[in-house]
Each structure stands twice: as structure tokens, then as C-alpha cells.
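Here's the structure, in C-alpha cells; my notes come after.
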Amino acid sequence: MVNQKGVQVAPSLLAADFGNLAGCLRPVESASPAVADFWHLDVMDGHFVPNITMGPMMVAAVRRVSALPVEAHLMVWEPEKFLPAFAQAGVFRILVHAESTVHLYQLLQQVREHGCQAGVALNPGTPLAVLEEVWPLLDVLLIMTVEPGFGGQAFIPAMLDKIARARREIARRGLQTLIEVDGGIAPDTVGSATAAGARILVAGTAIFGQPQAAQAAAALRQAAERGMGMGRR
Ligand code: DX5
Ligand code: ZN
């Protein structure tokens, strides 16, 4: 897996054509050099966020047509109810929202007990302070750079400072936690995110919303790496 010195690009399937999923994924997956590291699957329940998307059956469908790993971003209430089904469907990582549970520590332990990497996602208005007692359980911290619920929204620049503070906290604690960003990530925004410390980049519209998705993913990766070169370590 990636370390703090490299970037990973995770195309969000939310922006793919569900009627032609295999056809959408294939060019991105088979690009050489590689442009995508794994798929990001957005799970929305119509309650935690005002939209309904996909579930474990979609994970299984993606895994039938693609060899790339899949991570699940759970934007649902009662996420603990769905852990077994997503683990069974074959995701390698599960991201839960801190706002979706009052038992965050236990929930992260449960994700790990299911054999998956664990991550916490934070809405833009949720402070890093909620992580105080769970940092050691985090493989990944997902800093939402839009309000979750829909693709195609504008990146919130104020999140750059949150990313930078998270990076400092991870370094201070001597952890390997990777910072992921999700929402409005595109060639014109990704460089500032990687300069601030983001290492995993989720993008839907900027990849599947473009006429040539594989080339768009390559352009995003290049912009991300340029930003990383400008970041202070
Ligand atoms: C938003 C989702 C994102 C979404 C990003 O709630 O979590 O993963 O797909 O879409 P873009 O890249 O279009 O902002
Ligand atoms: Zn997402």
C-alpha cells in the first residue's frame, strides 16, 4: 500500500454510468501507466444524507468485472448493521462517519474484526477533536471537502487548514494514518490538498464525468503529485 510519500487515486463510482459499469471501469483500470489504485464506493441511505445510492450487491458486481480493490464510504445511520455484508462482499476498507454513531471506538474495532482496514470520515463541520481517543485505530482519515450526499459539488477551501492540522497531529503521534479527501477533487483543487497533506484522492466528476476518464485520472494524478512536491513535510 501507499505510504506518506506517494499518492493514491480512487475514482468514485458515483459518477460512473451504472448502465455500463464494466465499460466505464475498464479503460481506467487498464491504463498504462496505472492511473487508479482502487475504487471508492459511496453508500448513502437517504437518512444520514439526502440521497440513496448503492450497497453490498454493487461491491460484488464491481468485483466481478474488475480486479481493483474496493473501499466503502458508509454515509448511513447504524453503520454497524452493514459491516458484515460489506466485508462479505469483499471490500478491503470501510470508512464510517464519526457523526453516524455514538460508539465510534467499538465501531472501528468491529471493522477490523471483519478483516477490513478502518477509516473515519468527518463532515466539514466536524472537528478533528472527535478523533482524540481513536487515532491509533485509523488506517485512514477521510476529510470531506464537500458536505456529503452528492457528487459534483464545489471543493471547500477552508478544509485545507483542517488537512494540515490533521497531518501535524498524525506526525506528532508518530502514526502512519493516511489522509484521504473526497468532494470537488479535480486538477485545479487537488494540488492544494496534497500540499496540505492529503495522500488519497477521491474523484468522481473529475474522472467519470469527463469524456476520456483514463486521461482525466492521469491528469488528476499529475496535478496531485505536483502539489505534493510543493508541500512542506
Ligand atoms: C460525496 C461522495 C463523493 C462523491 C465525490 O458525498 O462521498 O465520493 O462521489 O464526487 P465529486 O468528485 O464529483 O465531488
Ligand atoms: Zn465518498
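Residue numbering restarts at 1 for every chain of the C-alpha cells, chains are lettered A, B, ... in their displayed order, and ligands are numbered from 1 as they appear.
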Note to self: For ligand 1, return the neighbouring residues as a PyMOL selection string (distance at most 10 Å; only C-alpha atoms and all ligand atoms).
What the structure shows: chain A and resi 10-16+40-44+49-51+72-75+121+123+142+144-155+181-186+201-209
Margin query: List as a list in words the protein and nucleic acid residues near A:Gly174, meaning an atom at most 10 Å away when only C-alpha atoms are counted, but skip any in the same chain fewer than 5 places from it.
Written below: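 What passes the distance filter is Pro136, Arg168 and Glu169 of chain A.
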Can those selected residues be exported to a file as an mmCIF file, in the first residue's frame so that it contains C-alpha atoms?
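Printed below is out-v1.cif as written:
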```
data_model
loop_
_atom_site.group_PDB
_atom_site.id
_atom_site.type_symbol
_atom_site.label_atom_id
_atom_site.label_comp_id
_atom_site.auth_asym_id
_atom_site.auth_seq_id
_atom_site.Cartn_x
_atom_site.Cartn_y
_atom_site.Cartn_z
ATOM 1 C CA PRO A 136 -4.494 4.587 16.851
ATOM 2 C CA ARG A 168 0.632 17.618 12.011
ATOM 3 C CA GLU A 169 -1.321 15.577 14.544
#
```
Next item on the list: Rank A:Tyr105, A:Phe18, A:Trp39, A:Phe82 by their smallest atom-to-atom distance to ligand 2, using only C-alpha atoms and all ligand atoms, and report the top residue only.
Entry: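 Result for the nearest residue to ligand 2: A:Trp39.
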Next item on the list: Extract, using only C-alpha atoms, all DNA, RNA and protein residues at most 12 Å from A:Ala61, discarding same-chain residues fewer than 4 positions from it, and format them as number ranges by chain.
Entry: A: 13, 18, 20-22, 25, 41, 54-57, 65-67, 70, 89-91
Those same residues - N, CA and C atoms - I'd like them written as an mmCIF file, in the first residue's frame.
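Everything below was put into out.cif:
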```cif
data_model
loop_
_atom_site.group_PDB
_atom_site.id
_atom_site.type_symbol
_atom_site.label_atom_id
_atom_site.label_comp_id
_atom_site.auth_asym_id
_atom_site.auth_seq_id
_atom_site.Cartn_x
_atom_site.Cartn_y
_atom_site.Cartn_z
ATOM 1 N N LEU A 13 -17.215 5.702 -7.892
ATOM 2 C CA LEU A 13 -18.150 5.073 -8.835
ATOM 3 C C LEU A 13 -19.464 5.834 -8.950
ATOM 4 N N PHE A 18 -23.990 3.662 -14.416
ATOM 5 C CA PHE A 18 -24.360 2.374 -13.812
ATOM 6 C C PHE A 18 -24.880 1.385 -14.862
ATOM 7 N N ASN A 20 -23.559 0.936 -17.691
ATOM 8 C CA ASN A 20 -22.416 0.432 -18.455
ATOM 9 C C ASN A 20 -21.185 0.425 -17.551
ATOM 10 N N LEU A 21 -21.371 -0.208 -16.402
ATOM 11 C CA LEU A 21 -20.330 -0.135 -15.381
ATOM 12 C C LEU A 21 -19.017 -0.743 -15.868
ATOM 13 N N ALA A 22 -19.093 -1.945 -16.397
ATOM 14 C CA ALA A 22 -17.856 -2.618 -16.839
ATOM 15 C C ALA A 22 -17.155 -1.779 -17.903
ATOM 16 N N LEU A 25 -15.393 1.193 -16.235
ATOM 17 C CA LEU A 25 -14.236 0.910 -15.373
ATOM 18 C C LEU A 25 -13.027 0.443 -16.174
ATOM 19 N N LEU A 41 -16.523 3.540 -3.276
ATOM 20 C CA LEU A 41 -17.955 3.260 -3.443
ATOM 21 C C LEU A 41 -18.752 3.992 -2.373
ATOM 22 N N MET A 54 -25.955 3.007 -3.413
ATOM 23 C CA MET A 54 -25.696 1.588 -3.654
ATOM 24 C C MET A 54 -25.265 0.870 -2.380
ATOM 25 N N GLY A 55 -25.236 -0.468 -2.483
ATOM 26 C CA GLY A 55 -24.921 -1.272 -1.307
ATOM 27 C C GLY A 55 -23.999 -2.424 -1.640
ATOM 28 N N PRO A 56 -23.977 -3.435 -0.773
ATOM 29 C CA PRO A 56 -23.039 -4.556 -0.936
ATOM 30 C C PRO A 56 -23.169 -5.277 -2.276
ATOM 31 N N MET A 57 -24.360 -5.321 -2.834
ATOM 32 C CA MET A 57 -24.509 -6.015 -4.125
ATOM 33 C C MET A 57 -23.712 -5.318 -5.221
ATOM 34 N N VAL A 65 -16.296 -7.618 -12.288
ATOM 35 C CA VAL A 65 -15.786 -7.066 -13.558
ATOM 36 C C VAL A 65 -14.446 -6.356 -13.425
ATOM 37 N N SER A 66 -13.913 -6.277 -12.204
ATOM 38 C CA SER A 66 -12.661 -5.535 -12.006
ATOM 39 C C SER A 66 -11.795 -6.220 -10.953
ATOM 40 N N ALA A 67 -10.489 -6.148 -11.173
ATOM 41 C CA ALA A 67 -9.540 -6.721 -10.205
ATOM 42 C C ALA A 67 -9.081 -5.687 -9.184
ATOM 43 N N VAL A 70 -11.831 -2.453 -3.655
ATOM 44 C CA VAL A 70 -12.944 -1.517 -3.464
ATOM 45 C C VAL A 70 -12.980 -1.091 -1.995
ATOM 46 N N ALA A 89 -18.910 -8.972 0.948
ATOM 47 C CA ALA A 89 -18.898 -8.623 -0.482
ATOM 48 C C ALA A 89 -17.477 -8.364 -0.981
ATOM 49 N N GLY A 90 -16.523 -8.167 -0.061
ATOM 50 C CA GLY A 90 -15.122 -8.117 -0.475
ATOM 51 C C GLY A 90 -14.472 -6.753 -0.484
ATOM 52 N N VAL A 91 -14.968 -5.788 0.306
ATOM 53 C CA VAL A 91 -14.251 -4.508 0.373
ATOM 54 C C VAL A 91 -12.985 -4.686 1.214
#
```
Notebook entry, point to check: How many Å separate atom CA of A:Val7 from atom CA of A:Val120?
Noted result: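 Atom-to-atom, atom CA of A:Val7 and atom CA of A:Val120 are spaced 18.7 Å apart.
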Check: Counting only C-alpha atoms and all ligand atoms, which of A:Ala34, A:Ile143, A:Leu104, A:Ala129 gets nearest to ligand 2?
Finding: A:Ile143
Note to self: Using Å and a single decimal, report how far atom CA of A:Phe38 sits from atom CA of A:Leu68.
What the structure shows: 5.3 Å
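The interatomic distance for the pair atom CA of A:Cys116 and atom CA of A:Arg167 works out to 23.0 Å.
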Next item on the list: Run DSSP on the backbone and give me the residues of stretch 8-76 of chain A it puts in strand (DSSP E or B), as a PyMOL selection string.
Entry: chain A and resi 8-12+39-45+52+70-75
Next item on the list: Could you tell me which of A:His103, A:Arg226, A:His97, A:Arg172 comes closest to ligand 2 if we count only C-alpha atoms and all ligand atoms?
Entry: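 Checking each candidate against ligand 2, we get A:His97 as the closest.
For the set A:Thr53, A:Gln222, A:Gln106, A:Gln8, the residue with the smallest atom-to-atom gap to ligand 2 is A:Thr53, counting only C-alpha atoms and all ligand atoms.
Ranking A:Ala193, A:Ala218, A:Leu83, A:Val62 by their shortest atom-to-atom distance to A:Arg26, with only C-alpha atoms included, puts A:Val62 first.
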Margin query: DSSP on the backbone, helix (DSSP H, G or I) only: what residues of stretch 67-150 of chain A does that give? Format it as a PyMOL selection string.
Written below: chain A and resi 79-89+98-100+104-113+128-131+135-137
Next item on the list: Would you mind telling me which residue in A:Val102, A:Leu122, A:Leu178, A:Ala216 lies nearest to ligand 2 when using only C-alpha atoms and all ligand atoms?
Entry: A:Leu122
